Amino acid sequence: MAGSSDVIVVGGGLVGSAIAYGLAREGAKVTILDEGDVAFRASRGNFGLVWVQGKGDGMPDYASWTRRSKDLYQGFADGMLEHNGRDIELKQEGGLELCLGEDAYRENEDEIRRMHNQPGVGENDRRMIDAEEVRKIMPLVGPEVTGASFSPHDGHVNPLYLLHSLHAAARQLGARYVSGGKTLSIARDGDGFRAETEAGVFRSGKLVIAAGIANKWLAPMVGLDIPVNPNRGHILITERMQPVMPMLLVNARQTADGTINFGNSHEDAGYDTSISPAKLGEIARNVVRYFPILKNVRVVRTWSALRVMAPDGFPIYRESETAPGAFSISCHSGVTLAAAHALDLAPTILNGGFNDRFAAFSPERFNVSPAA
Ligand SMILES: Cc1cc2nc3c(=O)[nH]c(=O)nc-3n(C[C@H](O)[C@H](O)[C@H](O)COP(=O)(O)OP(=O)(O)OC[C@H]3O[C@@H](n4cnc5c(N)ncnc54)[C@H](O)[C@@H]3O)c2cc1C
């Protein structure tokens with residue numbers, strides 16, 4: 001037996017690591033089993049937004065959960081620093097979704113109206129601003145920009161520093177991180193659980209499955225059906241530039257070192273993580289419509305990665321009914337939700353009442369019957 005602990009967390013990406021850190025803060029003895037570099041890992045390929053506006057259109061609980069995470073974020077960042085983490089470069093100064101053309105402007109306006117009518121979305125302080133106001137904030141936008149929606153709650157972090165910080169802080173709190181620990185099977189074992197992995201066999205009282213897209217095949221081993229699928233996104237990074245974007249955008253941000261990161265593409269490409277030159281061209285042409293000044297700028301790096309996507313885009317959280325103590329956690333916005341996962345979801349895993357608290361995020365909303 002390679003070891004036993006209070007909780008095993010399967011998956012050391014942003015979701016598993018945030019939960020592991022949160023559990024370790026509560027004093028639990030935690031083991032993180034992580035497959036390693038061969039796995040699909042959205043946590044190492046994402047955009048770094050801590051984004052609030054528009055989240056939860058159609059699911060008010062997701063709107064308030066996102067907002068809760070945003071509110072917890074500064075304390076979460078400070079807490080990791082205290083526990084040997086690193087500065088994750090958190091900035092929460094607001095963000096814009098720029099609109100190209102009148103239809104896009106109306107779509108954002110309608111979304112604000114719809115969300116205003118949903119309970120639990122927080123203050124109604126996301127608002128439309130016209131093209132003139134946008135140009136006061138962003139003088140370099142192109143003539144096609146008709147306005148934007150603005151929210152004071154949006155922000156961003158350095159996503160790789162976030163992952164590194166979670167690992168370092170969790171370790172300092174006593175968590176054990178096992179790399180090369182691809183989990184092959186999990187099962188009930190007495191009053192706890194047993195995980196067979198490529199790094200040996202591990203035992204624990206509770207089990208959290210947070211292995212991104214792999215939850216789809218791991219969760220049925222404890223009686224849960226989790227219908228997540230890959231969704232490919234591309235990101236492009238430019239050479240360093242003078243300040244062009246004084247404010248964060250949903251699809252572009254200028255980092256402290258002057259590079260501009262852009263891309264917000266969504267594609268159903270199965271498990272294919274190769275770069276599509278056609279998609280890159282499409283993204284780049286679109287960005288130039290927002291910022292004509294970028295027409296001749298050099299793109300120095302690109303990559304694609306697979307999102308962890310539920311059919312409706314919202315999180316799926318569930319404790320197994322047939323194997324109580326086993327939890328499956330999947331979501332798209334693992335950067336945005338990291339603070340809530342660490343400081344709120346993790347304590348709920350330890351203290352009970354999980355399914356009542358997170359009923360809105362149950363996979364039963366897809367009418368999926370429990371696995372046999
Ligand atoms: C292009 C792109 C842009 C994005 N932009 C943002 C953004 O701006 N803001 C935001 O909030 N979110 C964003 N996301 C989403 C965010 O990155 C994901 O929600 C988050 O990374 C999911 O984390 P995860 O830990 O669930 O999954 P992953 O990052 O995929 O990690 C899964 C982990 O599980 C491990 N694993 C897999 N199988 C096993 C196994 N059998 N045994 C043990 N370990 C296993 C892997 O090694 C891996 O470490 C973006 C995603 C992409 C792809």
# chains A, B, ... in the order shown; residues from 1 in each chain; ligands from 1

call {"tool": "select_by_dssp", "arguments": {"residues": "stretch 112-201 of chain A", "states": "strand (DSSP E)", "output": "PyMOL selection string"}}
result
chain A and resi 127-130+145-151+155-156+176-179+183-189+192-197+200-201

call {"tool": "write_last_selection", "arguments": {"atoms": "C-alpha atoms", "output": "PDB file, in the first residue's frame"}}
result
ATOM      1  CA  ARG A 127     -23.902  47.880 -17.844  1.00  0.00           C
ATOM      2  CA  MET A 128     -23.660  48.772 -21.497  1.00  0.00           C
ATOM      3  CA  ILE A 129     -21.416  51.636 -22.506  1.00  0.00           C
ATOM      4  CA  ASP A 130     -21.522  53.317 -25.910  1.00  0.00           C
ATOM      5  CA  VAL A 145     -16.681  48.741 -32.300  1.00  0.00           C
ATOM      6  CA  THR A 146     -20.202  49.873 -31.389  1.00  0.00           C
ATOM      7  CA  GLY A 147     -19.915  49.724 -27.591  1.00  0.00           C
ATOM      8  CA  ALA A 148     -19.302  47.209 -24.830  1.00  0.00           C
ATOM      9  CA  SER A 149     -20.687  45.703 -21.698  1.00  0.00           C
ATOM     10  CA  PHE A 150     -18.656  46.659 -18.639  1.00  0.00           C
ATOM     11  CA  SER A 151     -18.492  44.908 -15.270  1.00  0.00           C
ATOM     12  CA  GLY A 155     -10.241  40.305 -13.336  1.00  0.00           C
ATOM     13  CA  HIS A 156      -7.361  38.013 -14.192  1.00  0.00           C
ATOM     14  CA  ARG A 176       1.221  14.879  -0.676  1.00  0.00           C
ATOM     15  CA  TYR A 177       1.419  15.303  -4.462  1.00  0.00           C
ATOM     16  CA  VAL A 178       2.025  12.102  -6.438  1.00  0.00           C
ATOM     17  CA  SER A 179       3.015  12.749 -10.065  1.00  0.00           C
ATOM     18  CA  THR A 183      -5.515   6.368 -11.418  1.00  0.00           C
ATOM     19  CA  LEU A 184      -6.655   3.199 -13.117  1.00  0.00           C
ATOM     20  CA  SER A 185      -9.488   2.177 -10.835  1.00  0.00           C
ATOM     21  CA  ILE A 186     -11.279   3.351  -7.714  1.00  0.00           C
ATOM     22  CA  ALA A 187     -13.609   1.377  -5.487  1.00  0.00           C
ATOM     23  CA  ARG A 188     -15.147   1.253  -2.034  1.00  0.00           C
ATOM     24  CA  ASP A 189     -12.898  -0.438   0.492  1.00  0.00           C
ATOM     25  CA  GLY A 192     -13.350   4.245   2.767  1.00  0.00           C
ATOM     26  CA  PHE A 193     -11.920   4.053  -0.751  1.00  0.00           C
ATOM     27  CA  ARG A 194      -9.068   2.436  -2.592  1.00  0.00           C
ATOM     28  CA  ALA A 195      -7.371   3.863  -5.694  1.00  0.00           C
ATOM     29  CA  GLU A 196      -5.160   1.720  -7.891  1.00  0.00           C
ATOM     30  CA  THR A 197      -2.670   3.872  -9.746  1.00  0.00           C
ATOM     31  CA  GLY A 200       0.794   2.106  -6.358  1.00  0.00           C
ATOM     32  CA  VAL A 201      -2.349   1.622  -4.305  1.00  0.00           C
TER      33      VAL A 201
END

call {"tool": "residues_around", "arguments": {"residues": "stretch 340-346 of chain A", "least_positions_apart": "5", "cutoff": "6 Å", "atoms": "only C-alpha atoms", "output": "list in words"}}
result
Ala18, Ile19, Gly22, Leu23 and Ser69 of chain A

call {"tool": "atom_distance", "arguments": {"atom1": "atom CA of A:Val308", "atom2": "atom CA of A:Val10"}}
result
15.3 Å

call {"tool": "closest_residue", "arguments": {"among": "A:Leu280, A:Ala199, A:Leu306, A:Ile316", "to": "ligand 1", "atoms": "only C-alpha atoms and all ligand atoms"}}
result
A:Leu306

call {"tool": "select_by_dssp", "arguments": {"residues": "stretch 3-69 of chain A", "states": "helix (DSSP H, G or I)", "output": "PyMOL selection string"}}
result
chain A and resi 14-25+42-44+60-69

call {"tool": "write_last_selection", "arguments": {"atoms": "N, CA and C atoms", "output": "mmCIF file, in the first residue's frame"}}
result
data_model
loop_
_atom_site.group_PDB
_atom_site.id
_atom_site.type_symbol
_atom_site.label_atom_id
_atom_site.label_comp_id
_atom_site.auth_asym_id
_atom_site.auth_seq_id
_atom_site.Cartn_x
_atom_site.Cartn_y
_atom_site.Cartn_z
ATOM 1 N N LEU A 14 -6.175 22.573 -11.923
ATOM 2 C CA LEU A 14 -6.633 23.700 -11.099
ATOM 3 C C LEU A 14 -7.762 23.311 -10.164
ATOM 4 N N VAL A 15 -8.644 22.441 -10.629
ATOM 5 C CA VAL A 15 -9.792 22.092 -9.790
ATOM 6 C C VAL A 15 -9.345 21.206 -8.629
ATOM 7 N N GLY A 16 -8.616 20.113 -8.948
ATOM 8 C CA GLY A 16 -8.160 19.221 -7.884
ATOM 9 C C GLY A 16 -7.226 19.928 -6.910
ATOM 10 N N SER A 17 -6.339 20.772 -7.429
ATOM 11 C CA SER A 17 -5.363 21.430 -6.552
ATOM 12 C C SER A 17 -6.032 22.459 -5.646
ATOM 13 N N ALA A 18 -7.032 23.179 -6.175
ATOM 14 C CA ALA A 18 -7.728 24.166 -5.333
ATOM 15 C C ALA A 18 -8.466 23.443 -4.207
ATOM 16 N N ILE A 19 -9.093 22.316 -4.551
ATOM 17 C CA ILE A 19 -9.821 21.566 -3.520
ATOM 18 C C ILE A 19 -8.827 20.977 -2.513
ATOM 19 N N ALA A 20 -7.731 20.433 -3.009
ATOM 20 C CA ALA A 20 -6.735 19.841 -2.101
ATOM 21 C C ALA A 20 -6.176 20.898 -1.147
ATOM 22 N N TYR A 21 -5.882 22.063 -1.677
ATOM 23 C CA TYR A 21 -5.375 23.150 -0.835
ATOM 24 C C TYR A 21 -6.417 23.512 0.235
ATOM 25 N N GLY A 22 -7.681 23.626 -0.209
ATOM 26 C CA GLY A 22 -8.759 23.964 0.736
ATOM 27 C C GLY A 22 -8.931 22.899 1.811
ATOM 28 N N LEU A 23 -8.811 21.637 1.423
ATOM 29 C CA LEU A 23 -8.941 20.549 2.404
ATOM 30 C C LEU A 23 -7.774 20.585 3.393
ATOM 31 N N ALA A 24 -6.574 20.816 2.878
ATOM 32 C CA ALA A 24 -5.387 20.851 3.749
ATOM 33 C C ALA A 24 -5.475 22.030 4.721
ATOM 34 N N ARG A 25 -6.030 23.150 4.263
ATOM 35 C CA ARG A 25 -6.232 24.310 5.169
ATOM 36 C C ARG A 25 -7.123 23.953 6.346
ATOM 37 N N ALA A 42 -6.263 21.301 -19.174
ATOM 38 C CA ALA A 42 -6.750 22.659 -19.425
ATOM 39 C C ALA A 42 -6.036 23.653 -18.520
ATOM 40 N N SER A 43 -5.645 23.197 -17.337
ATOM 41 C CA SER A 43 -5.029 24.090 -16.360
ATOM 42 C C SER A 43 -3.711 24.674 -16.834
ATOM 43 N N ARG A 44 -3.083 24.021 -17.808
ATOM 44 C CA ARG A 44 -1.821 24.552 -18.312
ATOM 45 C C ARG A 44 -1.998 25.236 -19.666
ATOM 46 N N PRO A 60 -29.082 30.733 -12.253
ATOM 47 C CA PRO A 60 -28.749 31.765 -11.261
ATOM 48 C C PRO A 60 -27.743 31.295 -10.212
ATOM 49 N N ASP A 61 -27.798 30.006 -9.839
ATOM 50 C CA ASP A 61 -26.842 29.521 -8.827
ATOM 51 C C ASP A 61 -25.398 29.635 -9.308
ATOM 52 N N TYR A 62 -25.226 29.470 -10.605
ATOM 53 C CA TYR A 62 -23.865 29.591 -11.148
ATOM 54 C C TYR A 62 -23.426 31.060 -11.141
ATOM 55 N N ALA A 63 -24.380 31.953 -11.391
ATOM 56 C CA ALA A 63 -24.043 33.383 -11.332
ATOM 57 C C ALA A 63 -23.574 33.750 -9.920
ATOM 58 N N SER A 64 -24.332 33.307 -8.908
ATOM 59 C CA SER A 64 -23.945 33.710 -7.550
ATOM 60 C C SER A 64 -22.687 32.974 -7.075
ATOM 61 N N TRP A 65 -22.491 31.758 -7.543
ATOM 62 C CA TRP A 65 -21.286 30.993 -7.176
ATOM 63 C C TRP A 65 -20.034 31.665 -7.770
ATOM 64 N N THR A 66 -20.156 32.097 -9.021
ATOM 65 C CA THR A 66 -19.043 32.797 -9.675
ATOM 66 C C THR A 66 -18.722 34.088 -8.936
ATOM 67 N N ARG A 67 -19.792 34.805 -8.593
ATOM 68 C CA ARG A 67 -19.607 36.077 -7.887
ATOM 69 C C ARG A 67 -18.982 35.829 -6.501
ATOM 70 N N ARG A 68 -19.368 34.746 -5.874
ATOM 71 C CA ARG A 68 -18.791 34.424 -4.555
ATOM 72 C C ARG A 68 -17.284 34.182 -4.709
ATOM 73 N N SER A 69 -16.921 33.456 -5.757
ATOM 74 C CA SER A 69 -15.499 33.171 -5.953
ATOM 75 C C SER A 69 -14.727 34.469 -6.180
#
